[in-house]
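Here's the structure we're looking at; comments come further down.
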Amino acid sequence: MLTLISALGMVWPVAAQAADQAETLAPTAEKSPFDVAVGVAFVSNYISRGATLTEDKPAVQAYVEASYDMFYAGTWISNIRAEDVKDAEIDLYAGIRPSFGALSLDFGYVHYYYPKDPNNYGELYAKGSYALTDQFSAGAAYYHDVFVDTDWLDLTASVNGLPWETSLSGKLGTDFGSYGFDSDKVAWDLGLSRTFADVVTVDLRYHDSNYDPGRVVAKLSFDTSWSALQGGQ
């Protein structure tokens with residue numbers, strides 16, 4: 001589209017000047033505070049905190065999220081598998097995402113629903129990330145399960161702008177021994193990702209922990225939003 005506009009500007013300079021003037025005189029459209037984001041992902045293995053939730057089988061995951069300014073609510077779903085019992089994980093979540101310059105915060109609650117499991121699971125969470133430079137950011141996320149009184153802490157870091165437009169990111173997490181084990185559970189991951197046309201992301205990541213074997217997981221995801229489809233308006 002931009003190439004076409006440039007070509008028209010060279011062929012009809014008067015028309016191009018008129019368009020520039022109209023754009024200058026017209027009021028600038030403000031970005032709407034309301035947005036809806038959607039996405040779907042295909043993963044070779046659903047890994048959560050170092051453990052497989054699909055018994056090393058593939059998973060299809062999808063989400064829908066509505067937001068207004070800093071407030072948001074959404075749902076996320078994935079197939080899961082445990083001891084040959086097939087089920088689904090349905091997450092319902094809501095919260096706020098305020099930001100202060102390079103600091104981004106996220107406070108909310110997520111409820112985990114499994115159709116074949118009568119128990120309740122839900123976590124309050126607090127997340128934060130800080131962009132130390134244009135390429136490097138670091139952060140942390142704390143989760144507290146309100147039904148079984150357990151905790152989990154993640155430390156995260158990411159580096160953007162690597163060769164071939166790739167990004168490197170990793171995570172280190174622990175439960176502080178709150179699951180009743182003799183030692184703390186520790187899980188970590190490290191991987192490379194690349195996004196194409198702001199919509200398609202390919203991610204290759206290694207997951208490991210002190211209670212489950214290490215695994216390499218490939219992920220292909222498609223993400224967009226109403227504002228993106230409207231050209232950011």
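Just remember, in the structure tokens the first chain shown is A, the second B, etc., residues are 1-based per chain, and ligands are 1-based in the order shown.
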
### Query
Could you name the residues that touch Leu168 of chain A at 12 Å or less, counting only C-alpha atoms, but leaving out those on the same chain fewer than 2 positions away, as a ChimeraX atom specification?
/A:135-138,156-166,170-171,189-194,203-206

### Task
Give me every strand (DSSP E) residue in segment 2-216 of chain A, going by DSSP on the backbone, as a PyMOL selection string.
chain A and resi 34-43+47-48+51-52+59-68+71-82+85-96+99-100+103-113+121-131+136-145+150-162+166-174+186-196+200-209+215-216

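Using only C-alpha atoms, the shortest contact distance between Asp198 of chain A and any of A:Asp154, A:Asp184, A:Asp212, A:Asp223 is found at A:Asp223.
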
Which residues come within 7 Å of Asp106 of chain A, counting only C-alpha atoms, excluding same-chain residues fewer than 6 positions away, as a PDB file with all heavy atoms, in the first residue's frame?
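Just written: result_29.pdb:
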ATOM      1  N   ILE A  96      -5.555  -5.705  35.772  1.00  0.00           N
ATOM      2  CA  ILE A  96      -5.177  -4.380  35.278  1.00  0.00           C
ATOM      3  C   ILE A  96      -3.698  -4.403  34.911  1.00  0.00           C
ATOM      4  O   ILE A  96      -2.904  -5.123  35.528  1.00  0.00           O
ATOM      5  CB  ILE A  96      -5.443  -3.265  36.316  1.00  0.00           C
ATOM      6  CG1 ILE A  96      -4.650  -3.523  37.602  1.00  0.00           C
ATOM      7  CG2 ILE A  96      -6.931  -3.149  36.622  1.00  0.00           C
ATOM      8  CD1 ILE A  96      -4.710  -2.383  38.589  1.00  0.00           C
ATOM      9  N   ARG A  97      -3.326  -3.592  33.887  1.00  0.00           N
ATOM     10  CA  ARG A  97      -1.934  -3.511  33.439  1.00  0.00           C
ATOM     11  C   ARG A  97      -1.491  -2.044  33.382  1.00  0.00           C
ATOM     12  O   ARG A  97      -1.439  -1.453  32.311  1.00  0.00           O
ATOM     13  CB  ARG A  97      -1.777  -4.154  32.071  1.00  0.00           C
ATOM     14  CG  ARG A  97      -2.047  -5.648  32.016  1.00  0.00           C
ATOM     15  CD  ARG A  97      -1.622  -6.223  30.670  1.00  0.00           C
ATOM     16  NE  ARG A  97      -1.948  -7.623  30.540  1.00  0.00           N
ATOM     17  CZ  ARG A  97      -2.893  -8.103  29.738  1.00  0.00           C
ATOM     18  NH1 ARG A  97      -3.605  -7.263  28.985  1.00  0.00           N
ATOM     19  NH2 ARG A  97      -3.133  -9.392  29.677  1.00  0.00           N
ATOM     20  N   PRO A  98      -1.180  -1.453  34.494  1.00  0.00           N
ATOM     21  CA  PRO A  98      -0.670  -0.068  34.463  1.00  0.00           C
ATOM     22  C   PRO A  98       0.788  -0.046  34.036  1.00  0.00           C
ATOM     23  O   PRO A  98       1.517  -1.029  34.203  1.00  0.00           O
ATOM     24  CB  PRO A  98      -0.823   0.391  35.926  1.00  0.00           C
ATOM     25  CG  PRO A  98      -0.711  -0.874  36.706  1.00  0.00           C
ATOM     26  CD  PRO A  98      -1.331  -1.951  35.872  1.00  0.00           C
ATOM     27  N   ALA A 126       0.840 -11.121  40.516  1.00  0.00           N
ATOM     28  CA  ALA A 126       1.416  -9.781  40.395  1.00  0.00           C
ATOM     29  C   ALA A 126       2.667  -9.917  39.547  1.00  0.00           C
ATOM     30  O   ALA A 126       3.570 -10.695  39.871  1.00  0.00           O
ATOM     31  CB  ALA A 126       1.751  -9.197  41.756  1.00  0.00           C
ATOM     32  N   LYS A 127       2.711  -9.175  38.431  1.00  0.00           N
ATOM     33  CA  LYS A 127       3.830  -9.264  37.501  1.00  0.00           C
ATOM     34  C   LYS A 127       4.404  -7.880  37.253  1.00  0.00           C
ATOM     35  O   LYS A 127       3.691  -6.877  37.330  1.00  0.00           O
ATOM     36  CB  LYS A 127       3.378  -9.869  36.164  1.00  0.00           C
ATOM     37  CG  LYS A 127       2.636 -11.183  36.278  1.00  0.00           C
ATOM     38  CD  LYS A 127       2.156 -11.642  34.904  1.00  0.00           C
ATOM     39  CE  LYS A 127       1.295 -12.870  34.983  1.00  0.00           C
ATOM     40  NZ  LYS A 127       0.815 -13.301  33.635  1.00  0.00           N
ATOM     41  N   GLY A 128       5.673  -7.858  36.942  1.00  0.00           N
ATOM     42  CA  GLY A 128       6.318  -6.593  36.603  1.00  0.00           C
ATOM     43  C   GLY A 128       7.490  -6.828  35.678  1.00  0.00           C
ATOM     44  O   GLY A 128       8.179  -7.848  35.770  1.00  0.00           O
TER      45      GLY A 128
END

Can you pull out every residue within 10 Å of Leu124 of chain A, counting only C-alpha atoms, but drop anything in the same chain fewer than 5 positions away, and send it as a JSON list (two decimals) with all heavy atoms, in the first residue's frame?
[["chain", "number", "residue", "atom", "x", "y", "z"],
["A", 93, "TYR", "N", -9.63, -15.16, 33.32],
["A", 93, "TYR", "CA", -8.76, -14.24, 34.03],
["A", 93, "TYR", "C", -9.19, -12.79, 33.81],
["A", 93, "TYR", "O", -9.89, -12.46, 32.85],
["A", 93, "TYR", "CB", -7.30, -14.42, 33.57],
["A", 93, "TYR", "CG", -7.08, -14.14, 32.10],
["A", 93, "TYR", "CD1", -6.72, -12.88, 31.65],
["A", 93, "TYR", "CD2", -7.22, -15.15, 31.15],
["A", 93, "TYR", "CE1", -6.49, -12.62, 30.31],
["A", 93, "TYR", "CE2", -7.01, -14.91, 29.80],
["A", 93, "TYR", "CZ", -6.65, -13.64, 29.38],
["A", 93, "TYR", "OH", -6.45, -13.39, 28.05],
["A", 95, "GLY", "N", -7.81, -8.49, 35.13],
["A", 95, "GLY", "CA", -6.86, -7.71, 35.91],
["A", 95, "GLY", "C", -6.63, -6.33, 35.32],
["A", 95, "GLY", "O", -7.40, -5.86, 34.49],
["A", 107, "PHE", "N", -1.61, -6.89, 37.49],
["A", 107, "PHE", "CA", -2.20, -7.47, 38.69],
["A", 107, "PHE", "C", -3.54, -8.09, 38.32],
["A", 107, "PHE", "O", -4.36, -7.45, 37.65],
["A", 107, "PHE", "CB", -2.43, -6.40, 39.77],
["A", 107, "PHE", "CG", -1.19, -5.62, 40.14],
["A", 107, "PHE", "CD1", -0.95, -4.38, 39.58],
["A", 107, "PHE", "CD2", -0.27, -6.14, 41.02],
["A", 107, "PHE", "CE1", 0.17, -3.65, 39.91],
["A", 107, "PHE", "CE2", 0.88, -5.43, 41.35],
["A", 107, "PHE", "CZ", 1.09, -4.19, 40.80],
["A", 108, "GLY", "N", -3.77, -9.34, 38.77],
["A", 108, "GLY", "CA", -5.03, -9.96, 38.40],
["A", 108, "GLY", "C", -5.27, -11.28, 39.09],
["A", 108, "GLY", "O", -4.55, -11.69, 40.02],
["A", 109, "TYR", "N", -6.29, -11.98, 38.60],
["A", 109, "TYR", "CA", -6.68, -13.30, 39.12],
["A", 109, "TYR", "C", -7.02, -14.20, 37.94],
["A", 109, "TYR", "O", -7.65, -13.75, 36.96],
["A", 109, "TYR", "CB", -7.90, -13.18, 40.04],
["A", 109, "TYR", "CG", -8.47, -14.53, 40.45],
["A", 109, "TYR", "CD1", -7.87, -15.28, 41.45],
["A", 109, "TYR", "CD2", -9.60, -15.05, 39.81],
["A", 109, "TYR", "CE1", -8.38, -16.52, 41.81],
["A", 109, "TYR", "CE2", -10.12, -16.29, 40.17],
["A", 109, "TYR", "CZ", -9.50, -17.02, 41.17],
["A", 109, "TYR", "OH", -10.00, -18.25, 41.51],
["A", 110, "VAL", "N", -6.60, -15.47, 38.02],
["A", 110, "VAL", "CA", -6.93, -16.45, 37.00],
["A", 110, "VAL", "C", -7.53, -17.68, 37.67],
["A", 110, "VAL", "O", -7.01, -18.17, 38.68],
["A", 110, "VAL", "CB", -5.68, -16.84, 36.16],
["A", 110, "VAL", "CG1", -4.54, -17.33, 37.04],
["A", 110, "VAL", "CG2", -6.05, -17.90, 35.11],
["A", 111, "HIS", "N", -8.66, -18.13, 37.13],
["A", 111, "HIS", "CA", -9.33, -19.32, 37.65],
["A", 111, "HIS", "C", -9.15, -20.45, 36.64],
["A", 111, "HIS", "O", -9.43, -20.28, 35.45],
["A", 111, "HIS", "CB", -10.81, -19.06, 37.88],
["A", 111, "HIS", "CG", -11.49, -20.15, 38.65],
["A", 111, "HIS", "ND1", -11.50, -20.19, 40.02],
["A", 111, "HIS", "CD2", -12.17, -21.25, 38.23],
["A", 111, "HIS", "CE1", -12.16, -21.27, 40.43],
["A", 111, "HIS", "NE2", -12.57, -21.93, 39.35],
["A", 142, "TYR", "N", 4.72, -13.24, 40.50],
["A", 142, "TYR", "CA", 4.41, -13.99, 41.72],
["A", 142, "TYR", "C", 2.97, -14.48, 41.65],
["A", 142, "TYR", "O", 2.06, -13.71, 41.30],
["A", 142, "TYR", "CB", 4.60, -13.11, 42.95],
["A", 142, "TYR", "CG", 4.14, -13.75, 44.23],
["A", 142, "TYR", "CD1", 4.89, -14.75, 44.85],
["A", 142, "TYR", "CD2", 2.95, -13.35, 44.84],
["A", 142, "TYR", "CE1", 4.45, -15.35, 46.02],
["A", 142, "TYR", "CE2", 2.51, -13.93, 46.02],
["A", 142, "TYR", "CZ", 3.27, -14.93, 46.61],
["A", 142, "TYR", "OH", 2.84, -15.51, 47.77],
["A", 143, "TYR", "N", 2.75, -15.78, 41.96],
["A", 143, "TYR", "CA", 1.42, -16.39, 41.91],
["A", 143, "TYR", "C", 1.10, -17.02, 43.27],
["A", 143, "TYR", "O", 1.96, -17.70, 43.85],
["A", 143, "TYR", "CB", 1.36, -17.48, 40.84],
["A", 143, "TYR", "CG", 1.71, -17.03, 39.44],
["A", 143, "TYR", "CD1", 3.04, -16.97, 39.02],
["A", 143, "TYR", "CD2", 0.71, -16.68, 38.53],
["A", 143, "TYR", "CE1", 3.37, -16.57, 37.74],
["A", 143, "TYR", "CE2", 1.03, -16.28, 37.25],
["A", 143, "TYR", "CZ", 2.36, -16.24, 36.86],
["A", 143, "TYR", "OH", 2.69, -15.84, 35.59],
["A", 144, "HIS", "N", -0.13, -16.84, 43.72],
["A", 144, "HIS", "CA", -0.58, -17.46, 44.96],
["A", 144, "HIS", "C", -1.91, -18.15, 44.72],
["A", 144, "HIS", "O", -2.89, -17.50, 44.35],
["A", 144, "HIS", "CB", -0.73, -16.44, 46.08],
["A", 144, "HIS", "CG", -1.31, -17.02, 47.34],
["A", 144, "HIS", "ND1", -0.59, -17.86, 48.16],
["A", 144, "HIS", "CD2", -2.55, -16.92, 47.90],
["A", 144, "HIS", "CE1", -1.35, -18.23, 49.18],
["A", 144, "HIS", "NE2", -2.55, -17.67, 49.04],
["A", 145, "ASP", "N", -1.94, -19.47, 44.88],
["A", 145, "ASP", "CA", -3.18, -20.23, 44.72],
["A", 145, "ASP", "C", -4.05, -20.06, 45.96],
["A", 145, "ASP", "O", -3.64, -20.45, 47.07],
["A", 145, "ASP", "CB", -2.87, -21.71, 44.48],
["A", 145, "ASP", "CG", -4.08, -22.47, 43.95],
["A", 145, "ASP", "OD1", -5.16, -22.40, 44.60],
["A", 145, "ASP", "OD2", -3.97, -23.12, 42.89],
["A", 146, "VAL", "N", -5.21, -19.49, 45.78],
["A", 146, "VAL", "CA", -6.07, -19.16, 46.92],
["A", 146, "VAL", "C", -6.81, -20.37, 47.47],
["A", 146, "VAL", "O", -7.37, -20.30, 48.57],
["A", 146, "VAL", "CB", -7.08, -18.06, 46.53],
["A", 146, "VAL", "CG1", -6.36, -16.78, 46.14],
["A", 146, "VAL", "CG2", -7.98, -18.53, 45.39],
["A", 151, "ASP", "N", 2.48, -21.21, 46.44],
["A", 151, "ASP", "CA", 3.07, -20.03, 45.83],
["A", 151, "ASP", "C", 4.04, -20.44, 44.72],
["A", 151, "ASP", "O", 4.61, -21.54, 44.74],
["A", 151, "ASP", "CB", 3.83, -19.21, 46.88],
["A", 151, "ASP", "CG", 2.93, -18.74, 48.00],
["A", 151, "ASP", "OD1", 2.16, -17.80, 47.79],
["A", 151, "ASP", "OD2", 3.00, -19.34, 49.10]]

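Among the residues of segment 25-230 of chain A, backbone DSSP assigns alpha helix (DSSP H) to Leu25, Trp226, Ser227, Ala228 and Leu229 of chain A.
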
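Around Ser48 of chain A, within 12 Å and counting only C-alpha atoms, the residues found are Asn45, Ala51, Thr52, Leu53, Thr54, Glu55, Asp56, Ser78, Ile80, Glu89, Trp152, Asp154, Lys171, Gly173, Val186, Ala187, Trp188, Asp189, His207, Asp208, Ser209, Asp212, Arg215 and Val217 of chain A, once anything fewer than 3 positions away on its own chain is removed.
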
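Proximity of A:Ala131, A:Val85, A:Ala66, A:Ala141 to Pro33 of chain A, computed with only C-alpha atoms, is greatest for A:Ala66.
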
### Task
Could you tell me how far atom CA of Lys116 of chain A lies from atom CA of Tyr211 of chain A, in Å and to one decimal?
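Pair atom CA of Lys116 of chain A / atom CA of Tyr211 of chain A returns 25.3 Å.
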
### Atom-to-atom span, atom CA of Pro213 of chain A and atom CA of Thr75 of chain A, Å
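Separating atom CA of Pro213 of chain A from atom CA of Thr75 of chain A is a distance of 29.7 Å.
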
### Message
Quick one: residues within 6 Å of Thr201 of chain A, only C-alpha atoms, excluding same-chain residues fewer than 2 positions away - as a list in words?
### Response
Arg194, Thr195, Leu220 and Ser221 of chain A

Prev. selection, N, CA, C and O atoms, output as a PDB file, in the first residue's frame:
ATOM      1  N   ARG A 194      10.944 -15.780  16.779  1.00  0.00           N
ATOM      2  CA  ARG A 194      10.933 -14.767  15.734  1.00  0.00           C
ATOM      3  C   ARG A 194       9.497 -14.533  15.301  1.00  0.00           C
ATOM      4  O   ARG A 194       8.720 -15.482  15.140  1.00  0.00           O
ATOM      5  N   THR A 195       9.144 -13.256  15.131  1.00  0.00           N
ATOM      6  CA  THR A 195       7.796 -12.877  14.717  1.00  0.00           C
ATOM      7  C   THR A 195       7.829 -12.351  13.286  1.00  0.00           C
ATOM      8  O   THR A 195       8.698 -11.554  12.931  1.00  0.00           O
ATOM      9  N   LEU A 220       4.125 -22.669  17.291  1.00  0.00           N
ATOM     10  CA  LEU A 220       3.739 -21.795  16.190  1.00  0.00           C
ATOM     11  C   LEU A 220       2.453 -21.092  16.594  1.00  0.00           C
ATOM     12  O   LEU A 220       1.444 -21.748  16.864  1.00  0.00           O
ATOM     13  N   SER A 221       2.478 -19.756  16.664  1.00  0.00           N
ATOM     14  CA  SER A 221       1.314 -19.020  17.145  1.00  0.00           C
ATOM     15  C   SER A 221       0.909 -17.928  16.174  1.00  0.00           C
ATOM     16  O   SER A 221       1.754 -17.366  15.456  1.00  0.00           O
TER      17      SER A 221
END

### Message
For a test of reading the model, state the distance in Å between atom CA of Ile90 of chain A and atom CA of Gln230 of chain A, rounded to one decimal.
### Response
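Computing the Euclidean distance for atom CA of Ile90 of chain A and atom CA of Gln230 of chain A yields 29.0 Å.
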
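Minimum atom-to-atom distance to Val199 of chain A, evaluated using only C-alpha atoms, belongs to A:Leu229 out of A:Ala218, A:Ser44, A:Asn119, A:Leu229.
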
### Message
Give me the residues near Ala228 of chain A as a VMD selection string, where near means some atom within 12 Å (using only C-alpha atoms) and where sequence neighbours in that chain fewer than 4 positions away do not count.
### Response
chain A and resid 31 to 32 35 to 38 197 to 199 223 to 224 232 to 233

Convert the current residue selection to file output with C-alpha atoms, as a CSV table (one decimal), in the first residue's frame.
chain,number,residue,atom,x,y,z
A,31,LYS,CA,-6.6,5.4,19.4
A,32,SER,CA,-9.6,3.8,21.0
A,35,ASP,CA,-9.6,-3.5,22.1
A,36,VAL,CA,-10.1,-7.2,21.5
A,37,ALA,CA,-7.1,-9.6,21.0
A,38,VAL,CA,-7.3,-13.2,19.7
A,197,ALA,CA,4.5,-9.5,10.0
A,198,ASP,CA,3.5,-8.9,13.6
A,199,VAL,CA,1.2,-11.8,13.4
A,223,ASP,CA,-2.0,-13.4,17.2
A,224,THR,CA,-3.9,-10.3,16.2
A,232,GLY,CA,-3.7,0.8,15.0
A,233,GLN,CA,-6.7,3.1,15.3
